[in-house]
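A short write-up of the structure that comes next.
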Amino acid sequence: MFIKKCLVLLAMVSFAFLKGFAHEGHDKMPGALSAPHGGQVKGTDHLYIELISDAEGIKLYPLTHEMKPIPLDQLKLEGTFRLPKGKKSDTLVLKKGSDYFEAKVQAKGSHRYQVDLKVTFMKATDSLSFNVEPQ
């Protein structure tokens, strides 16, 4: 019994000692994207879209693969959203901001909803889907 307790104690001390030698960055997943505005990022072969949500709705930032803003006039964006208990999707009315598109979303008390986007950029059309939990 005494030996077992000593081994457990030795293992715990060793683990704490080794953790002290770990350096920054080991908590990050290789290839993980860092969203410039703190939102969710989804991508296609040609671009990324970052989605930011709040109680009023969403903002969509089109970004290059280098995370630089894409001018809004270079792409076409259409979208719908669907509440969990909803049988049909509602169209998102997207308005242009400075470097983002925004849309009001009436979540009607739902804790989450789905946003489906159709993005046309560089003569290619792709679809993206986000699960949104309004803040």
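By convention here, the chains of the structure tokens are called A, B, ... in the order presented, each chain's residues are numbered starting at 1, and ligands are numbered starting at 1 in the order presented.
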
Residue neighbourhood stretch 84-98 of chain A, 10 Å, only C-alpha atoms, exclusion window fewer than 3 positions, as a list in words: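 So, after excluding close chain neighbours, the residues are Gly57, Ile58, Lys59, Leu60, Tyr61, Pro71, Leu72, Asp73, Leu77, Glu78, Gly79, Thr80, Phe81, Phe101, Glu102, Ala103, Lys104, Val105, Ala107, Ser110, His111, Arg112, Tyr113, Gln114, Val115, Asp116 and Leu117 of chain A.
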
What is the atom CA of A:Val119 to atom CA of A:Leu75 distance in Å?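 Result for atom CA of A:Val119 versus atom CA of A:Leu75: 7.1 Å, one decimal.
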
Enumerate the residues of stretch 38-129 of chain A with a DSSP assignment of strand (DSSP E or B), computed from the backbone, and present them as JSON, numbers by chain. {"A": [40, 41, 42, 43, 48, 49, 50, 51, 52, 53, 57, 58, 59, 60, 61, 62, 63, 69, 75, 76, 77, 78, 79, 80, 81, 82, 90, 91, 95, 96, 101, 102, 103, 104, 113, 114, 115, 116, 117, 118, 119, 120, 121, 124, 125, 126, 127, 128, 129]}

Expected file contents, prior selection, C-alpha atoms, as a CSV table (one decimal), in the first residue's frame:
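Written output follows (result_5.csv):
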```csv
chain,number,residue,atom,x,y,z
A,40,GLN,CA,-16.6,31.4,-36.5
A,41,VAL,CA,-14.6,30.8,-39.7
A,42,LYS,CA,-15.6,28.5,-42.5
A,43,GLY,CA,-13.8,28.2,-45.8
A,48,TYR,CA,-13.1,32.3,-45.8
A,49,ILE,CA,-16.2,33.7,-44.3
A,50,GLU,CA,-16.1,34.8,-40.7
A,51,LEU,CA,-19.5,34.9,-38.9
A,52,ILE,CA,-20.1,37.1,-35.8
A,53,SER,CA,-23.4,36.9,-34.0
A,57,GLY,CA,-28.3,39.2,-35.9
A,58,ILE,CA,-25.1,38.4,-37.7
A,59,LYS,CA,-22.1,40.0,-39.5
A,60,LEU,CA,-20.3,38.1,-42.3
A,61,TYR,CA,-16.7,39.1,-43.1
A,62,PRO,CA,-15.3,37.7,-46.4
A,63,LEU,CA,-11.6,37.0,-46.1
A,69,PRO,CA,-10.6,41.5,-46.2
A,75,LEU,CA,-18.4,38.6,-54.4
A,76,LYS,CA,-22.1,37.7,-54.3
A,77,LEU,CA,-23.6,36.4,-51.0
A,78,GLU,CA,-27.0,35.0,-50.5
A,79,GLY,CA,-28.3,33.3,-47.3
A,80,THR,CA,-31.1,31.7,-45.3
A,81,PHE,CA,-31.5,30.9,-41.7
A,82,ARG,CA,-33.6,28.2,-40.0
A,90,ASP,CA,-36.2,32.3,-44.0
A,91,THR,CA,-34.2,34.5,-46.4
A,95,LYS,CA,-26.8,44.7,-46.2
A,96,LYS,CA,-23.3,45.9,-46.9
A,101,PHE,CA,-22.4,42.0,-44.7
A,102,GLU,CA,-24.9,42.2,-41.9
A,103,ALA,CA,-28.4,40.8,-41.4
A,104,LYS,CA,-31.0,41.0,-38.7
A,113,TYR,CA,-30.1,28.5,-35.4
A,114,GLN,CA,-28.6,27.5,-38.7
A,115,VAL,CA,-27.3,29.9,-41.3
A,116,ASP,CA,-26.8,28.6,-44.9
A,117,LEU,CA,-24.8,30.7,-47.4
A,118,LYS,CA,-24.3,30.6,-51.1
A,119,VAL,CA,-21.1,32.4,-52.0
A,120,THR,CA,-20.0,33.3,-55.5
A,121,PHE,CA,-16.4,34.5,-55.8
A,124,ALA,CA,-17.1,29.8,-58.4
A,125,THR,CA,-20.2,29.2,-56.3
A,126,ASP,CA,-19.9,27.4,-53.0
A,127,SER,CA,-22.1,26.7,-50.0
A,128,LEU,CA,-21.3,27.1,-46.3
A,129,SER,CA,-23.3,26.4,-43.2
```

Residue among A:Ala35, A:Met122, A:Ile3, A:Leu83 lying closest to A:Leu47, counting only C-alpha atoms: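 Comparing A:Ala35, A:Met122, A:Ile3, A:Leu83 against A:Leu47, the winner is A:Met122.
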